[in-house]
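What follows is a single structure, written as structure tokens, with notes after it.
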Amino acid sequence: MVEKMKFISIVGPKEEIDRVTSQYLSRYEIQLENTLSELKDLKNITPCADSNPYRGVLARAEELAGRVREIGNAAPSGKRMETQAAVALTEELYAELEKCRAQKSGLEAERKKVVELLVNIRPFQNLHYDVASILHFKHIKFRFGKIPVESYSKLQEYLMDDICSIFDECGRDENYIWGVYFVPAAEEEKVDAVYASLHFERTFIDDDYEGTVEEAYDKLTARKRELDGKLRELEDTFQDKLESQKSKVLSAAQTITESSE
């Protein structure tokens, strides 16, 4: 079916484009024509070279709306939000989201470090000695690590044969025996070769522990719980704020989408 069309020209201040588009143009089927070709007889007409001013805020609005939809049970309010109000709300909430992300990134980096420290030190909890003191020995070298169970009897033979080393067993599982061996600095190279032949695998311990291994492990475990709680609280606080304004957030996203289009 062929429908008749009317040709109209709309002239007005550029800042009114959004309002006119929202209230009139977006409600009807419309075919846009090039102004320069239609009004070629008018002087001082230049094309609008501005980029879409809503492209950036649209991406932020869509992200916030996506988070609201994950909460569930949300719908836009019935009344259309003014474009500038929608942009202002989106920018305000997104700034808070970015702040939340920055804080979360710092906490996650610390948590990752704490987890690494816990993993490294967990097998040595039965070493009842101050870790920092061991790490700062001057004339005695030390090696944290594990040795296969099948190699342990051979190691005991070497130790019985008066090799210049002491092995302190700290724990074991089906496959490995965990511990620390000590050796005088002068005998370091020779003794390291013996342990290497028995497939001893080193664990490198950072200088970030306080007290005995057991005390350090307890402190790190407590810190990990504290960081987990802060991360949950940070996420929950922002989600609660979004939930309290979920209809507005969806309405703002809808308005910005329309304005962008």
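Chain labels run A, B, ... following the order of the structure tokens; each chain numbers its residues from 1, and ligands are numbered from 1 in the order shown.
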A:Lys138 environment, 10 Å, only C-alpha atoms, sequence neighbours closer than 5 positions dropped, as a list in words: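 These residues fall inside the cut-off: Ser133, Pro184 and Ala185 of chain A.
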Long-range neighbours of A:Leu159 as a PyMOL selection string, 12 Å cut-off, only C-alpha atoms, 2 positions minimum in chain: chain A and resi 152-157+161-168+181-183+191+194-195
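Note that the spacing between atom CA of A:Ser197 and atom CA of A:Ile140 amounts to 21.1 Å.
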Determine which residues of stretch 11-239 of chain A receive a DSSP assignment of strand (DSSP E), computed from the backbone, and state them as a PDB file with N, CA, C and O atoms, in the first residue's frame.
ATOM      1  N   ILE A 140      74.198 -19.616  57.637  1.00  0.00           N
ATOM      2  CA  ILE A 140      73.484 -20.860  57.361  1.00  0.00           C
ATOM      3  C   ILE A 140      72.503 -20.620  56.219  1.00  0.00           C
ATOM      4  O   ILE A 140      71.714 -19.680  56.261  1.00  0.00           O
ATOM      5  N   LYS A 141      72.561 -21.468  55.203  1.00  0.00           N
ATOM      6  CA  LYS A 141      71.617 -21.373  54.093  1.00  0.00           C
ATOM      7  C   LYS A 141      70.436 -22.304  54.344  1.00  0.00           C
ATOM      8  O   LYS A 141      70.566 -23.307  55.043  1.00  0.00           O
ATOM      9  N   PHE A 142      69.308 -21.969  53.784  1.00  0.00           N
ATOM     10  CA  PHE A 142      68.090 -22.754  54.009  1.00  0.00           C
ATOM     11  C   PHE A 142      67.370 -22.953  52.680  1.00  0.00           C
ATOM     12  O   PHE A 142      67.517 -22.168  51.747  1.00  0.00           O
ATOM     13  N   ARG A 143      66.580 -24.014  52.607  1.00  0.00           N
ATOM     14  CA  ARG A 143      65.769 -24.280  51.420  1.00  0.00           C
ATOM     15  C   ARG A 143      64.421 -24.843  51.860  1.00  0.00           C
ATOM     16  O   ARG A 143      64.349 -25.923  52.446  1.00  0.00           O
ATOM     17  N   PHE A 144      63.352 -24.098  51.629  1.00  0.00           N
ATOM     18  CA  PHE A 144      62.009 -24.619  51.832  1.00  0.00           C
ATOM     19  C   PHE A 144      61.638 -25.439  50.599  1.00  0.00           C
ATOM     20  O   PHE A 144      62.005 -25.084  49.475  1.00  0.00           O
ATOM     21  N   GLY A 145      60.884 -26.520  50.796  1.00  0.00           N
ATOM     22  CA  GLY A 145      60.452 -27.272  49.631  1.00  0.00           C
ATOM     23  C   GLY A 145      59.869 -28.625  49.979  1.00  0.00           C
ATOM     24  O   GLY A 145      59.471 -28.878  51.121  1.00  0.00           O
ATOM     25  N   LYS A 146      59.836 -29.501  48.978  1.00  0.00           N
ATOM     26  CA  LYS A 146      59.245 -30.829  49.158  1.00  0.00           C
ATOM     27  C   LYS A 146      60.115 -31.866  48.446  1.00  0.00           C
ATOM     28  O   LYS A 146      60.788 -31.564  47.454  1.00  0.00           O
ATOM     29  N   ILE A 147      60.066 -33.096  48.965  1.00  0.00           N
ATOM     30  CA  ILE A 147      60.825 -34.193  48.402  1.00  0.00           C
ATOM     31  C   ILE A 147      59.877 -35.377  48.224  1.00  0.00           C
ATOM     32  O   ILE A 147      58.997 -35.613  49.072  1.00  0.00           O
ATOM     33  N   PRO A 148      59.965 -36.105  47.110  1.00  0.00           N
ATOM     34  CA  PRO A 148      59.077 -37.252  46.919  1.00  0.00           C
ATOM     35  C   PRO A 148      59.234 -38.271  48.048  1.00  0.00           C
ATOM     36  O   PRO A 148      60.329 -38.469  48.575  1.00  0.00           O
ATOM     37  N   ILE A 166      70.760 -30.448  57.872  1.00  0.00           N
ATOM     38  CA  ILE A 166      69.671 -30.864  58.759  1.00  0.00           C
ATOM     39  C   ILE A 166      68.370 -30.675  57.988  1.00  0.00           C
ATOM     40  O   ILE A 166      68.130 -29.620  57.398  1.00  0.00           O
ATOM     41  N   PHE A 167      67.537 -31.720  57.970  1.00  0.00           N
ATOM     42  CA  PHE A 167      66.242 -31.631  57.303  1.00  0.00           C
ATOM     43  C   PHE A 167      65.149 -31.652  58.372  1.00  0.00           C
ATOM     44  O   PHE A 167      65.054 -32.587  59.161  1.00  0.00           O
ATOM     45  N   ASP A 168      64.332 -30.603  58.401  1.00  0.00           N
ATOM     46  CA  ASP A 168      63.245 -30.499  59.377  1.00  0.00           C
ATOM     47  C   ASP A 168      61.927 -30.790  58.655  1.00  0.00           C
ATOM     48  O   ASP A 168      61.458 -29.990  57.848  1.00  0.00           O
ATOM     49  N   GLU A 169      61.355 -31.958  58.917  1.00  0.00           N
ATOM     50  CA  GLU A 169      60.091 -32.325  58.290  1.00  0.00           C
ATOM     51  C   GLU A 169      58.946 -31.515  58.886  1.00  0.00           C
ATOM     52  O   GLU A 169      58.787 -31.426  60.099  1.00  0.00           O
ATOM     53  N   CYS A 170      58.116 -30.963  57.996  1.00  0.00           N
ATOM     54  CA  CYS A 170      57.010 -30.116  58.445  1.00  0.00           C
ATOM     55  C   CYS A 170      55.632 -30.699  58.123  1.00  0.00           C
ATOM     56  O   CYS A 170      54.630 -30.264  58.679  1.00  0.00           O
ATOM     57  N   GLY A 171      55.555 -31.641  57.232  1.00  0.00           N
ATOM     58  CA  GLY A 171      54.271 -32.226  56.877  1.00  0.00           C
ATOM     59  C   GLY A 171      54.441 -33.155  55.695  1.00  0.00           C
ATOM     60  O   GLY A 171      55.477 -33.155  55.028  1.00  0.00           O
ATOM     61  N   ARG A 172      53.411 -33.969  55.435  1.00  0.00           N
ATOM     62  CA  ARG A 172      53.475 -34.902  54.311  1.00  0.00           C
ATOM     63  C   ARG A 172      52.087 -35.229  53.794  1.00  0.00           C
ATOM     64  O   ARG A 172      51.086 -35.070  54.486  1.00  0.00           O
ATOM     65  N   TYR A 176      54.400 -36.437  48.730  1.00  0.00           N
ATOM     66  CA  TYR A 176      55.551 -35.609  49.093  1.00  0.00           C
ATOM     67  C   TYR A 176      55.699 -35.454  50.597  1.00  0.00           C
ATOM     68  O   TYR A 176      54.720 -35.550  51.355  1.00  0.00           O
ATOM     69  N   ILE A 177      56.927 -35.162  50.987  1.00  0.00           N
ATOM     70  CA  ILE A 177      57.243 -34.754  52.354  1.00  0.00           C
ATOM     71  C   ILE A 177      57.759 -33.324  52.272  1.00  0.00           C
ATOM     72  O   ILE A 177      58.690 -33.033  51.511  1.00  0.00           O
ATOM     73  N   TRP A 178      57.116 -32.458  53.026  1.00  0.00           N
ATOM     74  CA  TRP A 178      57.454 -31.040  53.008  1.00  0.00           C
ATOM     75  C   TRP A 178      58.385 -30.725  54.174  1.00  0.00           C
ATOM     76  O   TRP A 178      58.229 -31.277  55.259  1.00  0.00           O
ATOM     77  N   GLY A 179      59.312 -29.805  53.939  1.00  0.00           N
ATOM     78  CA  GLY A 179      60.205 -29.448  55.025  1.00  0.00           C
ATOM     79  C   GLY A 179      61.211 -28.390  54.618  1.00  0.00           C
ATOM     80  O   GLY A 179      61.128 -27.796  53.532  1.00  0.00           O
ATOM     81  N   VAL A 180      62.172 -28.172  55.506  1.00  0.00           N
ATOM     82  CA  VAL A 180      63.228 -27.187  55.286  1.00  0.00           C
ATOM     83  C   VAL A 180      64.556 -27.865  55.586  1.00  0.00           C
ATOM     84  O   VAL A 180      64.682 -28.566  56.590  1.00  0.00           O
ATOM     85  N   TYR A 181      65.524 -27.666  54.704  1.00  0.00           N
ATOM     86  CA  TYR A 181      66.849 -28.155  55.068  1.00  0.00           C
ATOM     87  C   TYR A 181      67.799 -26.984  55.232  1.00  0.00           C
ATOM     88  O   TYR A 181      67.657 -25.942  54.587  1.00  0.00           O
ATOM     89  N   PHE A 182      68.734 -27.171  56.146  1.00  0.00           N
ATOM     90  CA  PHE A 182      69.719 -26.147  56.472  1.00  0.00           C
ATOM     91  C   PHE A 182      71.109 -26.680  56.147  1.00  0.00           C
ATOM     92  O   PHE A 182      71.386 -27.875  56.300  1.00  0.00           O
ATOM     93  N   VAL A 183      71.985 -25.792  55.708  1.00  0.00           N
ATOM     94  CA  VAL A 183      73.335 -26.196  55.325  1.00  0.00           C
ATOM     95  C   VAL A 183      74.287 -25.017  55.560  1.00  0.00           C
ATOM     96  O   VAL A 183      73.913 -23.865  55.315  1.00  0.00           O
ATOM     97  N   PRO A 184      75.505 -25.277  56.047  1.00  0.00           N
ATOM     98  CA  PRO A 184      76.480 -24.190  56.166  1.00  0.00           C
ATOM     99  C   PRO A 184      76.768 -23.580  54.797  1.00  0.00           C
ATOM    100  O   PRO A 184      76.797 -24.289  53.783  1.00  0.00           O
ATOM    101  N   GLU A 201      62.161 -30.212  45.427  1.00  0.00           N
ATOM    102  CA  GLU A 201      61.615 -29.042  44.725  1.00  0.00           C
ATOM    103  C   GLU A 201      61.491 -27.879  45.696  1.00  0.00           C
ATOM    104  O   GLU A 201      60.800 -27.990  46.719  1.00  0.00           O
ATOM    105  N   ARG A 202      62.128 -26.783  45.352  1.00  0.00           N
ATOM    106  CA  ARG A 202      62.131 -25.628  46.260  1.00  0.00           C
ATOM    107  C   ARG A 202      60.818 -24.854  46.220  1.00  0.00           C
ATOM    108  O   ARG A 202      60.145 -24.769  45.193  1.00  0.00           O
TER     109      ARG A 202
END
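The nearest approach to A:Leu227 among the residues A:Ala186, A:Arg122, A:Glu110, A:Asp207, with only C-alpha atoms taken into account, belongs to A:Glu110.
Among the candidate residues A:Ser51, A:Thr221, A:Ser247, A:Gln23, the one lying nearest to A:Ser260 is A:Ser51, with distances computed using only C-alpha atoms.
The closest residue to A:Tyr28, picked from A:Asp173, A:Met5, A:Leu127, A:Ala95 and counting only C-alpha atoms, is A:Met5.
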Alpha helix (DSSP H) positions in stretch 53-206 of chain A, given as a count of residues only: 83
